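Source file structure-v9.pdb; content: PDB, C-alpha atoms, pLDDT in the B column.
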MODEL        1
ATOM      1  CA  LYS A 189     138.143  59.948  80.409  1.00 79.00           C
ATOM      2  CA  LEU A 190     137.927  59.952  84.192  1.00 80.00           C
ATOM      3  CA  ASN A 191     137.894  56.173  84.221  1.00 80.00           C
ATOM      4  CA  ASN A 192     141.119  56.145  82.204  1.00 80.00           C
ATOM      5  CA  PHE A 193     142.635  57.966  85.166  1.00 80.00           C
ATOM      6  CA  PHE A 194     141.026  56.066  88.056  1.00 84.00           C
ATOM      7  CA  ASN A 195     140.815  52.693  86.270  1.00 84.00           C
ATOM      8  CA  PHE A 196     137.674  51.507  87.998  1.00 81.00           C
ATOM      9  CA  LYS A 197     136.852  47.948  86.963  1.00 77.00           C
ATOM     10  CA  LYS A 198     133.165  47.943  87.876  1.00 79.00           C
ATOM     11  CA  ASN A 199     130.521  49.502  90.123  1.00 82.00           C
ATOM     12  CA  PHE A 200     131.164  53.121  89.303  1.00 85.00           C
ATOM     13  CA  ILE A 201     129.122  55.991  87.935  1.00 85.00           C
ATOM     14  CA  VAL A 202     130.255  59.351  86.549  1.00 87.00           C
ATOM     15  CA  LEU A 203     127.621  62.053  86.166  1.00 92.00           C
ATOM     16  CA  ASP A 204     127.489  65.568  84.804  1.00 94.00           C
ATOM     17  CA  ASP A 205     126.903  68.567  87.005  1.00 95.00           C
ATOM     18  CA  ALA A 206     123.383  69.979  87.130  1.00 97.00           C
ATOM     19  CA  ILE A 207     121.132  72.951  87.818  1.00 97.00           C
ATOM     20  CA  ASN A 208     118.423  74.083  90.215  1.00 97.00           C
ATOM     21  CA  LEU A 209     115.694  75.383  87.930  1.00 96.00           C
ATOM     22  CA  ARG A 210     113.952  77.084  90.855  1.00 96.00           C
ATOM     23  CA  ASP A 211     116.746  79.656  90.845  1.00 95.00           C
ATOM     24  CA  PHE A 212     115.593  80.790  87.401  1.00 94.00           C
ATOM     25  CA  LYS A 213     111.828  80.334  87.752  1.00 91.00           C
ATOM     26  CA  ASN A 214     110.787  83.750  89.052  1.00 88.00           C
ATOM     27  CA  VAL A 215     113.454  85.913  87.432  1.00 91.00           C
ATOM     28  CA  LYS A 216     111.629  88.516  85.361  1.00 84.00           C
ATOM     29  CA  ASN A 217     114.547  90.456  83.880  1.00 83.00           C
ATOM     30  CA  LYS A 218     113.922  91.802  80.408  1.00 89.00           C
ATOM     31  CA  THR A 219     116.378  90.892  77.690  1.00 94.00           C
ATOM     32  CA  ILE A 220     118.622  93.808  76.771  1.00 96.00           C
ATOM     33  CA  LYS A 221     119.168  93.732  73.026  1.00 95.00           C
ATOM     34  CA  ASN A 222     122.664  93.561  71.617  1.00 96.00           C
ATOM     35  CA  ARG A 223     124.121  92.302  74.909  1.00 98.00           C
ATOM     36  CA  PHE A 224     126.590  89.425  75.090  1.00 98.00           C
ATOM     37  CA  VAL A 225     127.360  87.998  78.529  1.00 98.00           C
ATOM     38  CA  TYR A 226     130.117  85.771  79.871  1.00 98.00           C
ATOM     39  CA  THR A 227     130.233  84.494  83.453  1.00 97.00           C
ATOM     40  CA  GLY A 228     133.063  82.485  84.943  1.00 93.00           C
ATOM     41  CA  SER A 229     136.786  82.684  85.419  1.00 92.00           C
ATOM     42  CA  PHE A 230     139.144  85.234  83.885  1.00 94.00           C
ATOM     43  CA  ILE A 231     142.257  83.089  84.168  1.00 87.00           C
ATOM     44  CA  LYS A 232     144.201  81.989  81.102  1.00 86.00           C
ATOM     45  CA  GLY A 233     142.539  79.020  79.448  1.00 85.00           C
ATOM     46  CA  LYS A 234     138.933  80.249  79.617  1.00 88.00           C
ATOM     47  CA  GLY A 235     138.734  82.073  76.291  1.00 94.00           C
ATOM     48  CA  ILE A 236     138.903  85.667  77.535  1.00 96.00           C
ATOM     49  CA  GLU A 237     141.365  86.537  74.773  1.00 96.00           C
ATOM     50  CA  LEU A 238     138.800  85.541  72.129  1.00 97.00           C
ATOM     51  CA  ILE A 239     136.019  87.510  73.827  1.00 98.00           C
ATOM     52  CA  LEU A 240     138.121  90.679  73.677  1.00 97.00           C
ATOM     53  CA  GLU A 241     138.692  90.128  69.973  1.00 97.00           C
ATOM     54  CA  LEU A 242     134.969  89.593  69.417  1.00 98.00           C
ATOM     55  CA  ALA A 243     134.119  92.770  71.334  1.00 98.00           C
ATOM     56  CA  GLU A 244     136.659  94.651  69.271  1.00 97.00           C
ATOM     57  CA  HIS A 245     134.993  93.410  66.073  1.00 98.00           C
ATOM     58  CA  PHE A 246     131.315  93.813  67.074  1.00 98.00           C
ATOM     59  CA  ARG A 247     131.500  97.433  68.208  1.00 97.00           C
ATOM     60  CA  ASN A 248     127.718  97.951  68.081  1.00 97.00           C
ATOM     61  CA  TYR A 249     127.173  95.248  70.697  1.00 98.00           C
ATOM     62  CA  ASN A 250     127.985  95.332  74.390  1.00 98.00           C
ATOM     63  CA  PHE A 251     130.008  92.559  76.013  1.00 98.00           C
ATOM     64  CA  TYR A 252     129.506  92.103  79.751  1.00 98.00           C
ATOM     65  CA  LEU A 253     131.967  89.860  81.584  1.00 98.00           C
ATOM     66  CA  TYR A 254     131.638  88.681  85.194  1.00 98.00           C
ATOM     67  CA  GLY A 255     134.468  87.056  87.122  1.00 95.00           C
ATOM     68  CA  ASN A 256     137.206  87.614  89.686  1.00 94.00           C
ATOM     69  CA  LEU A 257     138.938  90.837  88.647  1.00 95.00           C
ATOM     70  CA  ASN A 258     142.036  89.830  90.602  1.00 93.00           C
ATOM     71  CA  THR A 259     142.602  86.988  88.138  1.00 91.00           C
ATOM     72  CA  PHE A 260     142.170  89.025  84.949  1.00 94.00           C
ATOM     73  CA  PRO A 261     145.319  88.517  82.811  1.00 91.00           C
ATOM     74  CA  GLU A 262     147.599  91.512  83.241  1.00 93.00           C
ATOM     75  CA  ASN A 263     148.763  91.359  79.633  1.00 94.00           C
ATOM     76  CA  LEU A 264     145.176  91.959  78.486  1.00 95.00           C
ATOM     77  CA  ASN A 265     144.559  95.041  80.644  1.00 94.00           C
ATOM     78  CA  PRO A 266     145.797  97.589  78.061  1.00 95.00           C
ATOM     79  CA  LYS A 267     143.548  96.078  75.383  1.00 95.00           C
ATOM     80  CA  LYS A 268     140.619  95.844  77.793  1.00 95.00           C
ATOM     81  CA  LYS A 269     140.803  99.580  78.507  1.00 95.00           C
ATOM     82  CA  MET A 270     140.707 100.436  74.793  1.00 96.00           C
ATOM     83  CA  ILE A 271     137.501  98.501  74.012  1.00 97.00           C
ATOM     84  CA  LYS A 272     134.627 100.833  74.886  1.00 97.00           C
ATOM     85  CA  ASN A 273     131.858  98.260  74.444  1.00 98.00           C
ATOM     86  CA  LEU A 274     133.537  95.835  76.867  1.00 98.00           C
ATOM     87  CA  ILE A 275     132.296  95.990  80.472  1.00 98.00           C
ATOM     88  CA  VAL A 276     134.345  93.813  82.818  1.00 97.00           C
ATOM     89  CA  ASN A 277     132.716  93.255  86.205  1.00 97.00           C
ATOM     90  CA  ASP A 278     133.881  91.590  89.391  1.00 97.00           C
ATOM     91  CA  PHE A 279     132.239  88.304  90.348  1.00 94.00           C
ATOM     92  CA  VAL A 280     128.725  88.493  91.792  1.00 95.00           C
ATOM     93  CA  GLU A 281     126.890  86.299  94.281  1.00 95.00           C
ATOM     94  CA  TYR A 282     125.365  83.198  92.759  1.00 93.00           C
ATOM     95  CA  LYS A 283     121.845  84.371  93.590  1.00 93.00           C
ATOM     96  CA  LYS A 284     122.393  87.254  91.142  1.00 95.00           C
ATOM     97  CA  ILE A 285     123.622  85.052  88.276  1.00 96.00           C
ATOM     98  CA  PRO A 286     120.139  84.160  86.958  1.00 96.00           C
ATOM     99  CA  SER A 287     119.334  87.876  86.622  1.00 96.00           C
ATOM    100  CA  VAL A 288     122.664  88.556  84.905  1.00 97.00           C
ATOM    101  CA  LEU A 289     122.083  85.763  82.393  1.00 97.00           C
ATOM    102  CA  LYS A 290     118.456  86.701  81.814  1.00 96.00           C
ATOM    103  CA  SER A 291     119.518  90.239  80.873  1.00 96.00           C
ATOM    104  CA  ALA A 292     121.633  88.931  77.979  1.00 97.00           C
ATOM    105  CA  GLU A 293     120.593  88.339  74.416  1.00 97.00           C
ATOM    106  CA  PHE A 294     123.534  85.996  73.817  1.00 98.00           C
ATOM    107  CA  LEU A 295     125.802  83.945  76.079  1.00 98.00           C
ATOM    108  CA  LEU A 296     129.449  83.090  75.449  1.00 98.00           C
ATOM    109  CA  MET A 297     131.350  79.931  76.388  1.00 97.00           C
ATOM    110  CA  PRO A 298     134.530  80.206  74.276  1.00 96.00           C
ATOM    111  CA  TYR A 299     136.763  77.543  75.820  1.00 93.00           C
ATOM    112  CA  PRO A 300     140.142  77.219  74.068  1.00 89.00           C
ATOM    113  CA  LYS A 301     141.740  73.912  73.076  1.00 87.00           C
ATOM    114  CA  LYS A 302     143.552  73.770  76.412  1.00 82.00           C
ATOM    115  CA  ILE A 303     141.303  74.676  79.324  1.00 76.00           C
ATOM    116  CA  GLY A 304     143.070  76.017  82.369  1.00 66.00           C
ATOM    117  CA  VAL A 305     142.298  76.118  86.078  1.00 67.00           C
ATOM    118  CA  LEU A 306     143.876  78.040  88.954  1.00 64.00           C
ATOM    119  CA  MET A 307     146.657  75.470  89.208  1.00 66.00           C
ATOM    120  CA  LYS A 308     149.172  76.269  86.483  1.00 73.00           C
ATOM    121  CA  GLY A 309     150.040  73.674  83.852  1.00 70.00           C
ATOM    122  CA  VAL A 310     146.813  71.691  84.267  1.00 68.00           C
ATOM    123  CA  ASP A 311     144.615  71.079  81.201  1.00 75.00           C
ATOM    124  CA  VAL A 312     141.078  69.890  82.013  1.00 78.00           C
ATOM    125  CA  GLN A 313     139.508  70.036  78.548  1.00 82.00           C
ATOM    126  CA  GLU A 314     138.747  66.288  78.537  1.00 84.00           C
ATOM    127  CA  TYR A 315     137.126  66.260  81.974  1.00 81.00           C
ATOM    128  CA  ILE A 316     134.987  69.368  82.341  1.00 85.00           C
ATOM    129  CA  SER A 317     131.294  69.547  83.158  1.00 89.00           C
ATOM    130  CA  PRO A 318     130.857  73.309  83.566  1.00 92.00           C
ATOM    131  CA  LEU A 319     128.265  74.463  86.061  1.00 94.00           C
ATOM    132  CA  LYS A 320     127.794  77.623  84.012  1.00 96.00           C
ATOM    133  CA  MET A 321     126.805  75.526  80.993  1.00 97.00           C
ATOM    134  CA  PHE A 322     123.690  74.385  82.859  1.00 98.00           C
ATOM    135  CA  GLU A 323     123.038  77.927  84.074  1.00 98.00           C
ATOM    136  CA  TYR A 324     123.273  79.118  80.478  1.00 98.00           C
ATOM    137  CA  LEU A 325     120.828  76.423  79.333  1.00 98.00           C
ATOM    138  CA  ALA A 326     118.352  77.280  82.087  1.00 98.00           C
ATOM    139  CA  SER A 327     118.333  80.961  81.143  1.00 97.00           C
ATOM    140  CA  LYS A 328     116.752  80.306  77.704  1.00 96.00           C
ATOM    141  CA  LYS A 329     119.288  82.250  75.654  1.00 97.00           C
ATOM    142  CA  ILE A 330     121.248  81.675  72.441  1.00 98.00           C
ATOM    143  CA  ILE A 331     124.542  80.117  73.491  1.00 98.00           C
ATOM    144  CA  PHE A 332     127.761  80.344  71.506  1.00 98.00           C
ATOM    145  CA  ALA A 333     130.139  77.641  72.739  1.00 98.00           C
ATOM    146  CA  SER A 334     133.402  76.030  71.729  1.00 97.00           C
ATOM    147  CA  GLN A 335     133.380  72.503  70.376  1.00 96.00           C
ATOM    148  CA  ASN A 336     134.417  70.054  73.085  1.00 94.00           C
ATOM    149  CA  ASN A 337     133.984  66.282  73.370  1.00 93.00           C
ATOM    150  CA  ALA A 338     133.456  66.483  77.134  1.00 92.00           C
ATOM    151  CA  TYR A 339     130.015  68.063  76.747  1.00 95.00           C
ATOM    152  CA  LYS A 340     129.029  67.135  73.178  1.00 95.00           C
ATOM    153  CA  HIS A 341     126.240  64.905  74.551  1.00 96.00           C
ATOM    154  CA  ILE A 342     124.660  68.003  76.121  1.00 97.00           C
ATOM    155  CA  LEU A 343     125.367  70.944  73.822  1.00 98.00           C
ATOM    156  CA  ILE A 344     124.192  70.073  70.331  1.00 98.00           C
ATOM    157  CA  ASN A 345     124.863  72.388  67.422  1.00 98.00           C
ATOM    158  CA  ASN A 346     121.774  74.095  65.957  1.00 97.00           C
ATOM    159  CA  PHE A 347     119.581  72.371  68.542  1.00 98.00           C
ATOM    160  CA  ASN A 348     120.282  74.067  71.881  1.00 98.00           C
ATOM    161  CA  SER A 349     123.435  76.042  71.063  1.00 98.00           C
ATOM    162  CA  ILE A 350     125.814  77.203  68.356  1.00 98.00           C
ATOM    163  CA  ILE A 351     129.005  75.142  68.460  1.00 98.00           C
ATOM    164  CA  ILE A 352     132.138  76.672  66.955  1.00 98.00           C
ATOM    165  CA  GLU A 353     135.707  75.513  66.519  1.00 97.00           C
ATOM    166  CA  PRO A 354     137.786  76.711  69.490  1.00 95.00           C
ATOM    167  CA  GLU A 355     140.238  79.588  69.052  1.00 93.00           C
ATOM    168  CA  ASN A 356     139.157  80.188  65.456  1.00 97.00           C
ATOM    169  CA  LYS A 357     138.312  83.893  65.507  1.00 97.00           C
ATOM    170  CA  LYS A 358     137.213  84.000  61.870  1.00 98.00           C
ATOM    171  CA  LYS A 359     134.693  81.202  62.358  1.00 98.00           C
ATOM    172  CA  TRP A 360     133.346  82.772  65.550  1.00 98.00           C
ATOM    173  CA  ILE A 361     132.853  86.105  63.795  1.00 98.00           C
ATOM    174  CA  LYS A 362     131.268  84.451  60.778  1.00 98.00           C
ATOM    175  CA  MET A 363     128.834  82.391  62.858  1.00 98.00           C
ATOM    176  CA  ILE A 364     127.879  85.251  65.161  1.00 98.00           C
ATOM    177  CA  ASN A 365     127.270  87.479  62.140  1.00 98.00           C
ATOM    178  CA  TYR A 366     125.011  84.845  60.625  1.00 98.00           C
ATOM    179  CA  VAL A 367     122.966  84.499  63.812  1.00 98.00           C
ATOM    180  CA  LEU A 368     122.669  88.281  64.228  1.00 97.00           C
ATOM    181  CA  LYS A 369     121.204  88.524  60.735  1.00 97.00           C
ATOM    182  CA  ASN A 370     118.839  85.572  61.263  1.00 96.00           C
ATOM    183  CA  LYS A 371     117.758  85.819  64.891  1.00 94.00           C
ATOM    184  CA  THR A 372     114.254  84.431  64.443  1.00 94.00           C
ATOM    185  CA  LYS A 373     115.675  81.315  62.817  1.00 96.00           C
ATOM    186  CA  PHE A 374     117.520  80.528  66.051  1.00 97.00           C
ATOM    187  CA  ASN A 375     114.729  81.240  68.544  1.00 95.00           C
ATOM    188  CA  LYS A 376     114.109  77.486  68.783  1.00 97.00           C
ATOM    189  CA  LEU A 377     117.500  77.131  70.467  1.00 98.00           C
ATOM    190  CA  LYS A 378     116.196  78.999  73.500  1.00 97.00           C
ATOM    191  CA  ARG A 379     113.313  76.576  73.994  1.00 97.00           C
ATOM    192  CA  ASN A 380     115.518  73.559  73.389  1.00 98.00           C
ATOM    193  CA  SER A 381     118.175  74.816  75.789  1.00 98.00           C
ATOM    194  CA  PHE A 382     115.649  75.054  78.622  1.00 97.00           C
ATOM    195  CA  ASN A 383     114.268  71.607  77.820  1.00 98.00           C
ATOM    196  CA  THR A 384     117.827  70.297  77.990  1.00 98.00           C
ATOM    197  CA  ALA A 385     118.327  71.918  81.391  1.00 98.00           C
ATOM    198  CA  LYS A 386     115.226  70.073  82.641  1.00 97.00           C
ATOM    199  CA  LYS A 387     117.059  66.790  82.093  1.00 97.00           C
ATOM    200  CA  TYR A 388     119.951  67.854  84.302  1.00 97.00           C
ATOM    201  CA  THR A 389     118.481  68.946  87.616  1.00 98.00           C
ATOM    202  CA  TRP A 390     120.143  68.106  90.928  1.00 97.00           C
ATOM    203  CA  GLU A 391     117.085  66.024  91.842  1.00 97.00           C
ATOM    204  CA  LYS A 392     117.429  63.845  88.748  1.00 96.00           C
ATOM    205  CA  ARG A 393     121.149  63.537  89.347  1.00 96.00           C
ATOM    206  CA  ALA A 394     120.525  62.375  92.926  1.00 96.00           C
ATOM    207  CA  LYS A 395     117.973  59.808  91.744  1.00 94.00           C
ATOM    208  CA  LYS A 396     120.490  58.378  89.293  1.00 92.00           C
ATOM    209  CA  ILE A 397     122.999  57.965  92.106  1.00 92.00           C
ATOM    210  CA  ILE A 398     120.417  56.337  94.395  1.00 92.00           C
ATOM    211  CA  ASN A 399     119.234  54.001  91.642  1.00 90.00           C
ATOM    212  CA  PHE A 400     122.802  53.012  90.905  1.00 89.00           C
ATOM    213  CA  ALA A 401     123.553  52.436  94.583  1.00 87.00           C
ATOM    214  CA  PHE A 402     120.593  50.075  94.794  1.00 87.00           C
ATOM    215  CA  LYS A 403     121.486  48.422  91.466  1.00 77.00           C
ATOM    216  CA  LYS A 404     118.432  49.780  89.688  1.00 58.00           C
ATOM    217  CA  HIS A 405     120.250  50.618  86.508  1.00 53.00           C
ATOM    218  CA  TYR A 406     118.715  53.254  84.273  1.00 48.00           C
TER     219      TYR A 406
ENDMDL
END
Before anything else, please render the file you have as structure tokens.
Amino acid sequence: KLNNFFNFKKNFIVLDDAINLRDFKNVKNKTIKNRFVYTGSFIKGKGIELILELAEHFRNYNFYLYGNLNTFPENLNPKKKMIKNLIVNDFVEYKKIPSVLKSAEFLLMPYPKKIGVLMKGVDVQEYISPLKMFEYLASKKIIFASQNNAYKHILINNFNSIIIEPENKKKWIKMINYVLKNKTKFNKLKRNSFNTAKKYTWEKRAKKIINFAFKKHY
């Protein structure tokens, strides 16, 4: 999709973002049962609306959100205050993110059909390579994510994540319910997610760039 925009004819390479596994290596946080976690932006176009609806439905589970409180949609504030099992936190330093993710039992990446950024009117759903996706994978948790062609080569349904149709609340509730009732069946996703993260380290990304620069195609 990027090449459709730039129209490179030859000698180009486009790579996904990556992860530093050392950031997660020595984190010993215990998993807190019944905890869902979301890290990222609160702006419109990140799926916050769906998370609030999920928290409202799964009242016996706690939903922890981390992001810039100044960007939380004002129209959602009244609903946010009414949901007792929803804990909305300000953003934290990156060095604390591995601990935050390790504390979760489940991780949420509910991108809508149109994915927004801070610049209004911009839809990046065809171009994203979310850094948090690799952080999620490295944390060895069960990931619930929206279906998206931009990362379908990385997140694979029932292998390293649970992929669900975006903005379809009924399907999200149905799939989460199924996983909650069959947790042991999905433990393999945690192992596979970490093995996926191993393929996308910054070192491997750098080697791909170097190999390409010296025409050693991989």
I'd like the contact shell of Ile316 in chain A - 9 Å cut-off, all atoms listed in the file, skipping same-chain residues fewer than 4 positions apart - returned as a compact mmCIF listing (two decimals) with C-alpha atoms, keeping the file's coordinate frame.
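This is the output file part32.txt:
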# COMPACT_ATOMS: atom_id res chain seq x y z
CA ASP A 204 127.49 65.57 84.80
CA ILE A 303 141.30 74.68 79.32
CA VAL A 312 141.08 69.89 82.01
CA ALA A 338 133.46 66.48 77.13
CA TYR A 339 130.01 68.06 76.75
Closest atom pairs, range 253-327 of chain A residues within 8 Å of range 208-216 of chain A, all atoms listed in the file, as CSV:
residue,atom,partner,partner_atom,distance
A:Lys283,CA,A:Asp211,CA,7.5
A:Pro286,CA,A:Phe212,CA,5.7
A:Ser287,CA,A:Val215,CA,6.3
A:Lys290,CA,A:Val215,CA,7.6
A:Ala326,CA,A:Leu209,CA,6.7
A:Ser327,CA,A:Phe212,CA,6.8
Next, dump the selected residues to file, keeping only C-alpha atoms, as a CSV table (one decimal), in the frame of the given file.
chain,number,residue,atom,x,y,z
A,283,LYS,CA,121.8,84.4,93.6
A,286,PRO,CA,120.1,84.2,87.0
A,287,SER,CA,119.3,87.9,86.6
A,290,LYS,CA,118.5,86.7,81.8
A,326,ALA,CA,118.4,77.3,82.1
A,327,SER,CA,118.3,81.0,81.1
Residues within 9 Å of range 223-231 of chain A, all atoms listed in the file, excluding chain neighbours under 4 positions, as a PyMOL selection string: chain A and resi 219+235-236+239+249-261+279+285+288-289+291-297+304-306+320
I need the output of the PyMOL selection byres ((chain A and resi 206) around 12) for this file as a PDB file with C-alpha atoms, in the coordinates of the input; which residues are they?
ATOM      1  CA  LEU A 203     127.621  62.053  86.166  1.00 92.00           C
ATOM      2  CA  ASP A 204     127.489  65.568  84.804  1.00 94.00           C
ATOM      3  CA  ASP A 205     126.903  68.567  87.005  1.00 95.00           C
ATOM      4  CA  ILE A 207     121.132  72.951  87.818  1.00 97.00           C
ATOM      5  CA  ASN A 208     118.423  74.083  90.215  1.00 97.00           C
ATOM      6  CA  LEU A 209     115.694  75.383  87.930  1.00 96.00           C
ATOM      7  CA  SER A 317     131.294  69.547  83.158  1.00 89.00           C
ATOM      8  CA  PRO A 318     130.857  73.309  83.566  1.00 92.00           C
ATOM      9  CA  LEU A 319     128.265  74.463  86.061  1.00 94.00           C
ATOM     10  CA  LYS A 320     127.794  77.623  84.012  1.00 96.00           C
ATOM     11  CA  MET A 321     126.805  75.526  80.993  1.00 97.00           C
ATOM     12  CA  PHE A 322     123.690  74.385  82.859  1.00 98.00           C
ATOM     13  CA  GLU A 323     123.038  77.927  84.074  1.00 98.00           C
ATOM     14  CA  TYR A 324     123.273  79.118  80.478  1.00 98.00           C
ATOM     15  CA  LEU A 325     120.828  76.423  79.333  1.00 98.00           C
ATOM     16  CA  ALA A 326     118.352  77.280  82.087  1.00 98.00           C
ATOM     17  CA  ILE A 342     124.660  68.003  76.121  1.00 97.00           C
ATOM     18  CA  THR A 384     117.827  70.297  77.990  1.00 98.00           C
ATOM     19  CA  ALA A 385     118.327  71.918  81.391  1.00 98.00           C
ATOM     20  CA  LYS A 386     115.226  70.073  82.641  1.00 97.00           C
ATOM     21  CA  LYS A 387     117.059  66.790  82.093  1.00 97.00           C
ATOM     22  CA  TYR A 388     119.951  67.854  84.302  1.00 97.00           C
ATOM     23  CA  THR A 389     118.481  68.946  87.616  1.00 98.00           C
ATOM     24  CA  TRP A 390     120.143  68.106  90.928  1.00 97.00           C
ATOM     25  CA  GLU A 391     117.085  66.024  91.842  1.00 97.00           C
ATOM     26  CA  LYS A 392     117.429  63.845  88.748  1.00 96.00           C
ATOM     27  CA  ARG A 393     121.149  63.537  89.347  1.00 96.00           C
ATOM     28  CA  ALA A 394     120.525  62.375  92.926  1.00 96.00           C
TER      29      ALA A 394
END
Evaluate the PyMOL selection byres ((chain A and resi 356) around 12) and report residues as a PyMOL selection string: chain A and resi 235+237-239+241-242+298-301+333-335+351-355+357-363
For Phe246 in chain A, the nearest of the candidates A:Ile330, A:Ile397, A:Ile271, A:Leu377, counting all atoms listed in the file: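 Answer, going by the shortest atom-to-atom distance: A:Ile271.
Between CA of Asn222 in chain A and CA of Asn375 in chain A there is a distance of 15.0 Å.
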Residues returned when the PyMOL selection byres ((chain A and resi 347) around 9) runs on this file, as an NGL selection string: :A and (343-346 or 348-350 or 374 or 376-378 or 380-381)
Top pick for closest residue to Val202 in chain A, considering A:Val367, A:Lys218, A:Lys396, A:Lys269 and counting all atoms listed in the file: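 The shortest atom-to-atom distance to Val202 in chain A comes from A:Lys396.
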So that I can see what lies close to range 189-192 of chain A, please list as an mmCIF file with C-alpha atoms, in the frame of the given file the residues with an atom at most 10 Å from it, counting all atoms listed in the file and leaving out residues fewer than 4 positions away in the same chain.
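File part-v7.cif, as written:
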data_model
loop_
_atom_site.group_PDB
_atom_site.id
_atom_site.type_symbol
_atom_site.label_atom_id
_atom_site.label_comp_id
_atom_site.auth_asym_id
_atom_site.auth_seq_id
_atom_site.Cartn_x
_atom_site.Cartn_y
_atom_site.Cartn_z
ATOM 1 C CA PHE A 196 137.674 51.507 87.998
ATOM 2 C CA LYS A 197 136.852 47.948 86.963
ATOM 3 C CA PHE A 200 131.164 53.121 89.303
ATOM 4 C CA ILE A 201 129.122 55.991 87.935
ATOM 5 C CA VAL A 202 130.255 59.351 86.549
ATOM 6 C CA GLU A 314 138.747 66.288 78.537
ATOM 7 C CA TYR A 315 137.126 66.260 81.974
ATOM 8 C CA ALA A 338 133.456 66.483 77.134
#
Point-to-point distance from CA of Arg247 in chain A to CA of Ile275 in chain A, Å rounded to tenths: 12.4 Å
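The interatomic distance for the pair CA of Asn273 in chain A and CA of Ala243 in chain A works out to 6.7 Å.
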Selected residue of minimal separation from Arg379 in chain A among A:Tyr282, A:Ile331, A:Ile398, A:Lys308, counting all atoms listed in the file: A:Ile331
Top pick for closest residue to Gln313 in chain A, considering A:Lys221, A:Lys272, A:Lys234, A:Lys284 and counting only C-alpha atoms: A:Lys234
Mind filling out range 342-354 of chain A with N, CA and C atoms and sending it as a JSON list (two decimals), keeping the file's coordinate frame?
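Output contents, as saved in result-v9.json:
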[["chain", "number", "residue", "atom", "x", "y", "z"],
["A", 342, "ILE", "N", 125.60, 67.03, 75.54],
["A", 342, "ILE", "CA", 124.66, 68.00, 76.12],
["A", 342, "ILE", "C", 124.42, 69.18, 75.18],
["A", 343, "LEU", "N", 125.50, 69.84, 74.77],
["A", 343, "LEU", "CA", 125.37, 70.94, 73.82],
["A", 343, "LEU", "C", 125.42, 70.41, 72.40],
["A", 344, "ILE", "N", 124.33, 70.60, 71.68],
["A", 344, "ILE", "CA", 124.19, 70.07, 70.33],
["A", 344, "ILE", "C", 124.00, 71.23, 69.36],
["A", 345, "ASN", "N", 124.87, 71.28, 68.37],
["A", 345, "ASN", "CA", 124.86, 72.39, 67.42],
["A", 345, "ASN", "C", 123.52, 72.52, 66.70],
["A", 346, "ASN", "N", 123.03, 73.76, 66.63],
["A", 346, "ASN", "CA", 121.77, 74.10, 65.96],
["A", 346, "ASN", "C", 120.55, 73.44, 66.59],
["A", 347, "PHE", "N", 120.73, 72.90, 67.79],
["A", 347, "PHE", "CA", 119.58, 72.37, 68.54],
["A", 347, "PHE", "C", 119.38, 73.20, 69.81],
["A", 348, "ASN", "N", 120.39, 73.25, 70.66],
["A", 348, "ASN", "CA", 120.28, 74.07, 71.88],
["A", 348, "ASN", "C", 121.43, 75.07, 72.03],
["A", 349, "SER", "N", 122.27, 75.14, 71.00],
["A", 349, "SER", "CA", 123.44, 76.04, 71.06],
["A", 349, "SER", "C", 124.06, 76.16, 69.68],
["A", 350, "ILE", "N", 125.00, 77.07, 69.56],
["A", 350, "ILE", "CA", 125.81, 77.20, 68.36],
["A", 350, "ILE", "C", 127.23, 76.76, 68.74],
["A", 351, "ILE", "N", 127.70, 75.70, 68.13],
["A", 351, "ILE", "CA", 129.00, 75.14, 68.46],
["A", 351, "ILE", "C", 130.01, 75.56, 67.39],
["A", 352, "ILE", "N", 131.15, 76.11, 67.87],
["A", 352, "ILE", "CA", 132.14, 76.67, 66.96],
["A", 352, "ILE", "C", 133.53, 76.15, 67.31],
["A", 353, "GLU", "N", 134.34, 75.99, 66.30],
["A", 353, "GLU", "CA", 135.71, 75.51, 66.52],
["A", 353, "GLU", "C", 136.45, 76.43, 67.49],
["A", 354, "PRO", "N", 137.10, 75.86, 68.51],
["A", 354, "PRO", "CA", 137.79, 76.71, 69.49],
["A", 354, "PRO", "C", 138.94, 77.50, 68.90]]
